[in-house]
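> Just dropping this structure here.
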Amino acid sequence: MSLALGTLGLTAVVLSVFVYRQSGTPGLRAAGKDALNTFKALAIRLPCALLAASFLVHFVPVDAVSGVLGRDTGMRGIAIAAAAGGFLPGGPMVTFPIAVVLQQSGAGWPQLVALISGWSIFALNRLLTYEAPIMGWRFAILRNLSCLLLPVLAGFGAEFVLVFIEAE
Amino acid sequence: MKFDGTDFIFIGFAICLGALCYATTGAVALREALVQTMSLLLAILPQLAGGLLIGGLIKQLISKDKITALLGANSGMRGLFIATTAGSLTPGGPFMSFPIVFALWTAGAEAGALVAYVTAWALLGFVKLVVWELPLMGFEFAWIRFLVSLPLPIVAGVLARRLARMRAFQMKDHPGS
């Protein structure tokens with residue numbers, strides 16, 4: 001985890017230098033204020049979302065999840081996860097706690113990669129509330145069609161990387 | 001700290017699932033879930049704070065105008081690469097990215113670049129990665145998913161270019177023309 005924190009810290013320092021050179025102290029202050037505002041907005045929702053997910057783990061049938069989305073389910077699990085991801089409602093605050101629950105219930109990483117990719121790419125409620133109204137249906141269909149196989153490709157890619165890592 | 005409707009939905013959700021958890025598995029499981037959540041929160045807090053700070057800094061550096069100017073009428077493979085980079089650096093939710101896509105469209109960007117931009121924002125969004133995925137899913141998972149997703153916006157962009165040549169998908173001239 002310290003590697004993650006180190007990367008984040010370093011990124012923040014580098015970006016701070018850029019912001020300072022572009023707009024000085026007011027820029028840095030605005031960035032801090034923006035971060036604080038987002039934090040305030042999350043302060044109640046995020047603990048509740050995580051708590052809800054944590055409750056969920058206790059009565060989700062773990063065997064059923066690992067049967068459908070486990071590492072051994074291969075191509076079928078990846079395809080199911082990719083499709084299911086597209087129907088996950090809401091933003092990252094809902095999706096990632098669900099992904100944590102599924103991970104704890106025995107879902108495989110390639111399947112989770114497919115799920116998160118499916119949600120990122122298709123997100124049905126985003127399509128209906130933002131993409132189609134702003135860009136029109138023609139663009140929305142063109143984009144979703146172009147992206148149709150990407151979540152499955154991402155799941156396959158993850159499977160490949162994992163096999164490679166495990167072989168080391 | 002202010003409450004709004006969304007907060008109440010999440011609070012209600014937690015309470016309902018907590019009650020269900022208590023009803024099906026009893027008080028021990030309830031306590032276990034509370035302890036787990038507390039320790040998870042404590043573990044992700046430093047990374048979440050770092051991620052939010054990075055998000056705030058990126059918003060200072062990147063504006064709608066800058067992205068639009070960069071991507072305006074760029075085409076070819078270079079356009080797809082620039083669109084992918086710009087998409088992955090765009091912070092915020094769909095209320096941020098789709099107005100940018102619309103602006104790019106009116107600025108003359110072609111379908112492939114627009115699709116690559118949206119796909120990169122969705123799959124490789126840097127702020128989403130550091131705020132959500134890194135703390136909750138762990139460094140290794142986030143890294144693997146990011147790595148395998150890296151070429152995908154280009155794939156989608158190339159495909160979109162092909163599709164856009166078909167009559168059914170020919171985008172009508174952008175609204176600005």
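Following the order of the structure tokens, first chain is A, next is B, and so on, with residues numbered from 1 inside each chain and ligands from 1 in the order they appear.
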Please provide as an MDAnalysis selection string all residues within 8 Å of segment 30-46 of chain B, with the sequence filter that same-chain residues fewer than 3 positions apart are discarded (counting only C-alpha atoms).
(chainID A and resid 5 47 50:51 54:55) or (chainID B and resid 18 21:22 25:27 49:50 135:136)
> So that I have them on file, write out the residues from the current selection with N, CA and C atoms, as an mmCIF file, in the first residue's frame.

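What landed in part.cif:
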data_model
loop_
_atom_site.group_PDB
_atom_site.id
_atom_site.type_symbol
_atom_site.label_atom_id
_atom_site.label_comp_id
_atom_site.auth_asym_id
_atom_site.auth_seq_id
_atom_site.Cartn_x
_atom_site.Cartn_y
_atom_site.Cartn_z
ATOM 1 N N LEU A 5 0.499 4.859 -1.990
ATOM 2 C CA LEU A 5 0.515 6.189 -1.375
ATOM 3 C C LEU A 5 1.666 7.030 -1.899
ATOM 4 N N PRO A 47 -19.117 6.147 3.633
ATOM 5 C CA PRO A 47 -19.203 5.158 4.718
ATOM 6 C C PRO A 47 -20.490 4.339 4.644
ATOM 7 N N LEU A 50 -20.160 1.730 1.836
ATOM 8 C CA LEU A 50 -19.266 0.637 2.225
ATOM 9 C C LEU A 50 -19.917 -0.256 3.269
ATOM 10 N N LEU A 51 -20.640 0.390 4.197
ATOM 11 C CA LEU A 51 -21.329 -0.361 5.246
ATOM 12 C C LEU A 51 -22.397 -1.264 4.624
ATOM 13 N N SER A 54 -20.822 -4.115 3.029
ATOM 14 C CA SER A 54 -20.300 -5.038 4.028
ATOM 15 C C SER A 54 -21.419 -5.898 4.642
ATOM 16 N N PHE A 55 -22.592 -5.290 4.822
ATOM 17 C CA PHE A 55 -23.757 -6.060 5.265
ATOM 18 C C PHE A 55 -24.128 -7.103 4.222
ATOM 19 N N GLY B 18 -28.566 -3.473 6.768
ATOM 20 C CA GLY B 18 -28.172 -3.818 8.132
ATOM 21 C C GLY B 18 -29.264 -4.619 8.826
ATOM 22 N N CYS B 21 -29.350 -8.029 7.387
ATOM 23 C CA CYS B 21 -28.186 -8.773 7.876
ATOM 24 C C CYS B 21 -28.460 -9.279 9.284
ATOM 25 N N TYR B 22 -29.028 -8.419 10.133
ATOM 26 C CA TYR B 22 -29.358 -8.782 11.512
ATOM 27 C C TYR B 22 -30.404 -9.888 11.523
ATOM 28 N N THR B 25 -28.597 -13.197 9.895
ATOM 29 C CA THR B 25 -27.402 -13.817 10.479
ATOM 30 C C THR B 25 -27.120 -13.378 11.919
ATOM 31 N N GLY B 26 -27.876 -12.409 12.434
ATOM 32 C CA GLY B 26 -27.744 -12.078 13.855
ATOM 33 C C GLY B 26 -26.748 -10.969 14.165
ATOM 34 N N ALA B 27 -26.619 -10.685 15.435
ATOM 35 C CA ALA B 27 -25.862 -9.517 15.892
ATOM 36 C C ALA B 27 -24.363 -9.644 15.657
ATOM 37 N N ALA B 49 -7.898 10.778 0.245
ATOM 38 C CA ALA B 49 -7.508 12.188 0.369
ATOM 39 C C ALA B 49 -6.536 12.573 -0.738
ATOM 40 N N GLY B 50 -5.542 11.694 -0.973
ATOM 41 C CA GLY B 50 -4.573 11.948 -2.038
ATOM 42 C C GLY B 50 -5.260 12.027 -3.393
ATOM 43 N N PRO B 135 -7.890 2.774 -3.845
ATOM 44 C CA PRO B 135 -8.144 2.469 -2.433
ATOM 45 C C PRO B 135 -9.006 1.227 -2.230
ATOM 46 N N LEU B 136 -10.030 1.043 -3.063
ATOM 47 C CA LEU B 136 -10.988 -0.027 -2.766
ATOM 48 C C LEU B 136 -10.578 -1.386 -3.333
#
> Give me the residues near Pro92 of chain A as a PyMOL selection string, where near means some atom within 12 Å (using only C-alpha atoms) and where sequence neighbours in that chain fewer than 3 positions away do not count.
(chain A and resi 42+45-46+49-50+85+88-89+95-100+116-117+119-120+123) or (chain B and resi 92-94+122+125+127-133+136-137)
> B:Pro153, B:Val118, B:Gly5, B:Leu89: which is nearest Leu57 of chain B, counting only C-alpha atoms?
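Checking each candidate against Leu57 of chain B, we get B:Leu89 as the closest.
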> Near Leu56 of chain A, counting only C-alpha atoms, which residues have an atom at most 8 Å away, once you skip same-chain residues fewer than 2 positions from it, shown as a list in words?
Ala52, Ala53, Ser54, His58, Phe59, Val60 and Val101 of chain A; Leu17 and Cys21 of chain B
> Give me a file of those residues, with C-alpha atoms, as an mmCIF file, in the first residue's frame.

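Contents of the output file part-v8.cif:
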data_model
loop_
_atom_site.group_PDB
_atom_site.id
_atom_site.type_symbol
_atom_site.label_atom_id
_atom_site.label_comp_id
_atom_site.auth_asym_id
_atom_site.auth_seq_id
_atom_site.Cartn_x
_atom_site.Cartn_y
_atom_site.Cartn_z
ATOM 1 C CA ALA A 52 -24.210 -1.465 3.021
ATOM 2 C CA ALA A 53 -21.794 -3.515 0.906
ATOM 3 C CA SER A 54 -20.300 -5.038 4.028
ATOM 4 C CA HIS A 58 -23.162 -11.597 5.010
ATOM 5 C CA PHE A 59 -26.185 -12.763 3.114
ATOM 6 C CA VAL A 60 -25.042 -12.900 -0.488
ATOM 7 C CA VAL A 101 -18.334 -7.509 -2.152
ATOM 8 C CA LEU B 17 -29.281 -3.991 4.493
ATOM 9 C CA CYS B 21 -28.186 -8.773 7.876
#
> Enumerate the residues of segment 21-137 of chain B with a DSSP assignment of alpha helix (DSSP H), computed from the backbone, and present them as a ChimeraX atom specification.
/B:21-25,27-61,64-71,76-89,94-106,111-124,126-128,134-137
